[in-house]
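A.B. asks: Dropping in run03.cif, which is mmCIF, C-alpha atoms:
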```cif
data_data
loop_
_atom_site.label_atom_id
_atom_site.label_comp_id
_atom_site.auth_asym_id
_atom_site.auth_seq_id
_atom_site.Cartn_x
_atom_site.Cartn_y
_atom_site.Cartn_z
CA MET A 221 -68.48 -19.25 -9.74
CA LEU A 222 -64.73 -19.52 -9.27
CA GLN A 223 -63.51 -21.14 -12.40
CA SER A 224 -59.93 -21.80 -13.25
CA ARG A 225 -59.34 -20.51 -16.69
CA ALA A 226 -56.31 -19.21 -18.45
CA LEU A 227 -55.48 -15.58 -18.00
CA ARG A 228 -55.99 -13.87 -21.28
CA VAL A 229 -53.40 -11.22 -21.62
CA SER A 230 -52.42 -9.37 -24.69
CA GLU A 231 -48.88 -9.49 -25.90
CA HIS A 232 -48.21 -6.00 -24.55
CA GLN A 233 -49.42 -6.86 -21.04
CA ARG A 234 -47.30 -10.00 -20.57
CA PRO A 235 -44.04 -8.16 -19.78
CA PHE A 236 -45.89 -6.05 -17.21
CA TRP A 237 -47.31 -9.09 -15.41
CA LEU A 238 -43.97 -10.85 -15.56
CA LEU A 239 -42.33 -7.84 -13.93
CA VAL A 240 -45.03 -7.79 -11.23
CA ALA A 241 -44.45 -11.49 -10.53
CA LEU A 242 -40.69 -10.97 -10.41
CA ALA A 243 -41.06 -8.02 -8.03
CA ILE A 244 -43.22 -10.07 -5.68
CA LEU A 245 -40.74 -12.93 -5.79
CA LEU A 246 -37.84 -10.60 -4.97
CA LEU A 247 -39.73 -8.99 -2.09
CA VAL A 248 -40.47 -12.38 -0.56
CA TRP A 249 -36.87 -13.53 -1.03
CA VAL A 250 -35.42 -10.36 0.53
CA SER A 251 -37.74 -10.52 3.54
CA ILE A 252 -36.80 -14.17 4.17
CA THR A 253 -33.10 -13.36 3.85
CA VAL A 254 -33.35 -10.43 6.27
CA ALA A 255 -35.28 -12.55 8.78
CA GLU A 256 -32.64 -15.28 8.62
CA ALA A 257 -29.75 -12.82 8.96
CA ALA A 258 -31.24 -11.33 12.14
CA SER A 259 -31.63 -14.76 13.73
CA PRO A 260 -29.76 -14.99 17.07
CA ILE A 261 -28.45 -18.45 16.20
CA ARG A 262 -26.94 -17.19 12.94
CA LEU A 263 -25.50 -14.10 14.65
CA ALA A 264 -23.90 -16.27 17.34
CA GLY A 265 -22.35 -18.50 14.68
CA THR A 266 -20.99 -15.49 12.80
CA LEU A 267 -19.60 -14.10 16.05
CA GLN A 268 -17.86 -17.43 16.78
CA ARG A 269 -16.28 -17.26 13.32
CA ASP A 270 -15.08 -13.69 13.95
CA LEU A 271 -13.52 -14.66 17.28
CA ALA A 272 -11.78 -17.64 15.67
CA ALA A 273 -10.34 -15.38 12.96
CA LEU A 274 -9.16 -12.96 15.64
CA ARG A 275 -7.47 -15.83 17.50
CA VAL A 276 -5.61 -16.84 14.33
CA GLN A 277 -4.38 -13.27 13.87
CA LEU A 278 -3.26 -13.11 17.52
CA GLU A 279 -1.26 -16.32 17.12
CA GLN A 280 0.59 -14.90 14.12
CA ILE A 281 1.96 -11.85 15.92
CA ASP A 282 5.73 -11.86 16.02
CA GLU A 283 6.83 -9.73 18.94
CA SER A 284 10.31 -9.11 17.53
CA LEU A 285 8.96 -7.32 14.44
CA GLY A 286 7.35 -4.48 16.37
CA ALA A 287 10.59 -3.17 17.88
CA GLY A 288 12.13 -1.60 14.78
CA GLU A 289 8.88 -0.59 13.14
CA ARG A 290 8.41 3.05 12.20
CA ARG A 291 5.08 4.79 11.94
CA THR A 292 4.51 6.28 8.52
CA VAL A 293 1.57 7.65 6.64
CA ALA A 294 -0.21 4.82 4.82
CA PHE A 295 -1.26 5.36 1.24
CA ASN A 296 -3.77 3.15 -0.55
CA ALA A 297 -0.97 1.09 -2.10
CA ASP A 298 0.34 0.22 1.38
CA LEU A 299 -2.96 -0.93 2.93
CA GLY A 300 -2.65 -4.62 2.13
CA ASP A 301 1.09 -5.11 2.26
CA GLY A 302 0.97 -7.83 4.98
CA SER A 303 3.32 -5.98 7.30
CA PRO A 304 3.00 -6.39 11.08
CA ALA A 305 1.36 -2.97 11.30
CA PHE A 306 -1.23 -4.00 8.72
CA ARG A 307 -1.95 -7.27 10.54
CA ARG A 308 -2.38 -5.46 13.84
CA GLN A 309 -4.71 -2.87 12.32
CA SER A 310 -6.73 -5.65 10.70
CA MET A 311 -7.09 -7.25 14.15
CA VAL A 312 -8.50 -3.98 15.48
CA THR A 313 -10.95 -3.92 12.57
CA MET A 314 -12.00 -7.53 13.19
CA ALA A 315 -12.51 -6.89 16.92
CA ARG A 316 -14.69 -3.87 16.19
CA ALA A 317 -16.72 -5.84 13.62
CA ALA A 318 -17.25 -8.62 16.17
CA GLY A 319 -18.39 -5.96 18.65
CA ARG A 320 -20.97 -4.70 16.17
CA ARG A 321 -22.25 -8.24 15.61
CA LEU A 322 -22.51 -8.70 19.35
CA GLU A 323 -24.58 -5.51 19.58
CA GLN A 324 -26.88 -6.99 16.89
CA LEU A 325 -27.16 -10.15 18.98
CA VAL A 326 -28.14 -8.17 22.07
CA ALA A 327 -30.73 -6.28 20.01
CA ALA A 328 -32.12 -9.57 18.65
CA TYR A 329 -32.54 -10.95 22.18
CA ARG A 330 -34.05 -7.68 23.32
CA GLU A 331 -36.53 -7.80 20.45
CA ALA A 332 -37.36 -11.45 21.23
CA ARG A 333 -37.80 -10.48 24.91
CA ASP A 334 -35.40 -13.21 26.01
CA ASP A 335 -34.04 -11.51 29.14
CA GLU A 336 -31.79 -14.35 30.28
CA ARG A 337 -29.88 -14.59 26.99
CA ARG A 338 -29.91 -10.80 26.62
CA ARG A 339 -28.11 -10.47 29.98
CA VAL A 340 -25.50 -13.04 28.91
CA ALA A 341 -25.04 -11.24 25.59
CA GLU A 342 -24.68 -7.90 27.37
CA SER A 343 -21.97 -9.36 29.63
CA LEU A 344 -20.33 -10.66 26.46
CA SER A 345 -20.40 -7.14 25.04
CA LEU A 346 -18.52 -5.87 28.10
CA GLY A 347 -15.91 -8.57 27.48
CA MET A 348 -15.78 -7.53 23.83
CA VAL A 349 -15.09 -3.92 24.82
CA ASP A 350 -12.24 -5.19 27.00
CA LEU A 351 -10.86 -7.32 24.15
CA THR A 352 -11.14 -4.48 21.66
CA GLY A 353 -9.21 -2.19 24.01
CA ARG A 354 -6.47 -4.78 24.48
CA VAL A 355 -6.19 -5.38 20.73
CA ASP A 356 -6.11 -1.63 20.16
CA ARG A 357 -3.24 -1.25 22.64
CA LEU A 358 -1.50 -4.24 21.05
CA ALA A 359 -1.68 -2.53 17.65
CA GLY A 360 0.30 0.41 19.00
CA ALA A 361 2.87 -1.57 21.03
CA THR A 362 6.48 -1.51 19.88
CA ASN A 363 8.36 -3.04 22.82
CA PRO A 364 8.63 -6.87 22.42
CA ALA A 365 7.93 -7.50 26.11
CA THR A 366 4.82 -5.32 25.95
CA VAL A 367 3.67 -7.13 22.81
CA VAL A 368 4.01 -10.52 24.54
CA ALA A 369 2.15 -9.32 27.64
CA LEU A 370 -0.66 -7.69 25.67
CA ARG A 371 -1.00 -10.71 23.40
CA GLY A 372 -1.37 -12.96 26.46
CA GLU A 373 -4.01 -10.65 27.96
CA ALA A 374 -5.89 -10.51 24.66
CA GLU A 375 -5.81 -14.31 24.33
CA ALA A 376 -7.15 -14.68 27.90
CA ALA A 377 -9.97 -12.22 27.15
CA LEU A 378 -10.69 -14.08 23.93
CA ASP A 379 -10.84 -17.39 25.84
CA ARG A 380 -13.42 -15.93 28.23
CA LEU A 381 -15.49 -14.60 25.33
CA GLU A 382 -15.41 -17.88 23.43
CA HIS A 383 -16.39 -19.83 26.56
CA SER A 384 -19.34 -17.52 27.29
CA LEU A 385 -20.43 -17.61 23.66
CA ALA A 386 -20.25 -21.42 23.65
CA LEU A 387 -22.49 -21.48 26.74
CA LEU A 388 -24.91 -19.11 25.06
CA SER A 389 -24.93 -21.21 21.88
CA SER A 390 -25.44 -24.44 23.81
CA SER A 391 -28.40 -22.92 25.64
CA GLN A 392 -29.84 -21.98 22.23
CA ALA A 393 -29.31 -25.51 20.97
CA ALA A 394 -31.08 -26.90 24.04
CA THR A 395 -34.23 -24.96 23.13
CA LEU A 396 -34.31 -26.12 19.50
CA PRO A 397 -36.49 -29.22 20.14
CA ALA A 398 -39.07 -26.98 21.77
CA LEU A 399 -39.16 -24.93 18.56
CA GLY A 400 -39.93 -27.98 16.45
CA VAL A 401 -36.42 -28.89 15.30
CA SER A 402 -35.43 -32.47 15.96
CA PRO A 403 -31.97 -33.21 17.38
CA ALA A 404 -31.10 -35.07 14.15
CA GLN A 405 -31.55 -31.84 12.13
CA ARG A 406 -29.00 -29.96 14.19
#
```
Take the structure in the file and give it back as structure tokens.
C.D. replies:
Amino acid sequence: MLQSRALRVSEHQRPFWLLVALAILLLVWVSITVAEAASPIRLAGTLQRDLAALRVQLEQIDESLGAGERRTVAFNADLGDGSPAFRRQSMVTMARAAGRRLEQLVAAYREARDDERRRVAESLSLGMVDLTGRVDRLAGATNPATVVALRGEAEAALDRLEHSLALLSSSQAATLPALGVSPAQR
């Protein structure tokens, strides 16, 4: 009844069936990529990377450069000039991007109905709002003493966030064997 025989297709139908096969392949690939991107483990890793980049930017702030800085209108040619104002604005952008990733992490835990991790992620989002506010104030500071104080506060807030995120990531890693992943594959 069910015989395996070659599909007889005319020369004009081959491109159509090849396009259908390619479309199916692309749909499967996109759905797998989207599912992987929304994974809480991947989001937590991306968030750790964002916080590390923010820490590097905080360490490079020179408090003496903010004192004589004037505020001017930035044109497109001035956006990437590497000035202290540009670095501070890029820190604000990075903090806001990390906040959006944290919101995605909370949504992923909410969707997975993991209330314990969702609560930890929500407390992390409160810490992220605090860090974003401190970085935002640091971007506008011009007094060297204020820059030093705000940088210290931002670093302390960043330490708390990284510690909480490490705890959240370690609790995810502890559940990996239950999901069928051996400790050697981690």
A.B. asks: Step by step: start from the point (-9.7, -10.1, 8.8) in the file's coordinates, keep every protein, DNA or RNA residue that has an atom no farther than 12 Å from it, count only C-alpha atoms, and write the set as a ChimeraX atom specification.
C.D. replies: /A:269-278,300,302,306-318
A.B. asks: For the selection just defined, write its residues with C-alpha atoms to a file, as a short mmCIF file (atom, residue, chain, number, x, y, z; two decimals), keeping the file's coordinate frame.
C.D. replies:
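Result file out-v9.cif:
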```cif
data_model
loop_
_atom_site.label_atom_id
_atom_site.label_comp_id
_atom_site.auth_asym_id
_atom_site.auth_seq_id
_atom_site.Cartn_x
_atom_site.Cartn_y
_atom_site.Cartn_z
CA ARG A 269 -16.28 -17.26 13.32
CA ASP A 270 -15.08 -13.69 13.95
CA LEU A 271 -13.52 -14.66 17.28
CA ALA A 272 -11.78 -17.64 15.67
CA ALA A 273 -10.34 -15.38 12.96
CA LEU A 274 -9.16 -12.96 15.64
CA ARG A 275 -7.47 -15.83 17.50
CA VAL A 276 -5.61 -16.84 14.33
CA GLN A 277 -4.38 -13.27 13.87
CA LEU A 278 -3.26 -13.11 17.52
CA GLY A 300 -2.65 -4.62 2.13
CA GLY A 302 0.97 -7.83 4.98
CA PHE A 306 -1.23 -4.00 8.72
CA ARG A 307 -1.95 -7.27 10.54
CA ARG A 308 -2.38 -5.46 13.84
CA GLN A 309 -4.71 -2.87 12.32
CA SER A 310 -6.73 -5.65 10.70
CA MET A 311 -7.09 -7.25 14.15
CA VAL A 312 -8.50 -3.98 15.48
CA THR A 313 -10.95 -3.92 12.57
CA MET A 314 -12.00 -7.53 13.19
CA ALA A 315 -12.51 -6.89 16.92
CA ARG A 316 -14.69 -3.87 16.19
CA ALA A 317 -16.72 -5.84 13.62
CA ALA A 318 -17.25 -8.62 16.17
#
```
A.B. asks: Tell me, as a list in words, which residues lie within 12 Å of A:Glu323, counting all atoms listed in the file; anything in the same chain fewer than 5 positions away does not count.
C.D. replies: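 The filter keeps Ala258, Pro260, Leu263, Ala264, Leu267, Arg316, Ala317, Ala318, Ala328, Tyr329, Arg330, Arg338, Ala341, Glu342, Ser343, Leu344, Ser345, Leu346, Met348 and Val349 of chain A.
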A.B. asks: The PyMOL selection byres ((chain A and resi 366-372) around 12) on the file shown: which residues, as a PyMOL selection string?
C.D. replies: chain A and resi 274-287+304+308+311+350-365+373-379
A.B. asks: Given only C-alpha atoms as the basis, pick out the residue of A:Leu388, A:Gly347, A:Thr266, A:Ser259 nearest to A:Ala332.
C.D. replies: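 For A:Ala332, the nearest of the candidates is A:Ser259.
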A.B. asks: Please indicate the distance in Å from atom CA of A:Leu247 to atom CA of A:Asp334, rounded to one decimal place.
C.D. replies: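 Atom-to-atom, atom CA of A:Leu247 and atom CA of A:Asp334 are spaced 28.7 Å apart.
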A.B. asks: Using all atoms listed in the file, which of the listed residues (A:Trp249, A:Val326, A:Gln268, A:Glu336) sits closest to A:Glu382?
C.D. replies: A:Gln268
A.B. asks: Quick one, how far is atom CA of A:Arg337 from atom CA of A:Arg320?
C.D. replies: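 These atoms are spaced 17.2 Å apart.
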A.B. asks: Go ahead and compute the interatomic distance for atom CA of A:Gln324 and atom CA of A:Val340, in Å to one decimal.
C.D. replies: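 Rounded to one decimal, the two atoms are 13.5 Å apart.
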A.B. asks: Hey, can I get the axis-aligned box for stretch 352-360 of chain A? All listed atoms, 3 Å padding on each side, centre and edge lengths in Å to one decimal, as lines of an AutoDock Vina configuration file.
C.D. replies:
```
center_x = -5.4
center_y = -2.5
center_z = 21.1
size_x = 17.4
size_y = 11.8
size_z = 12.8
```
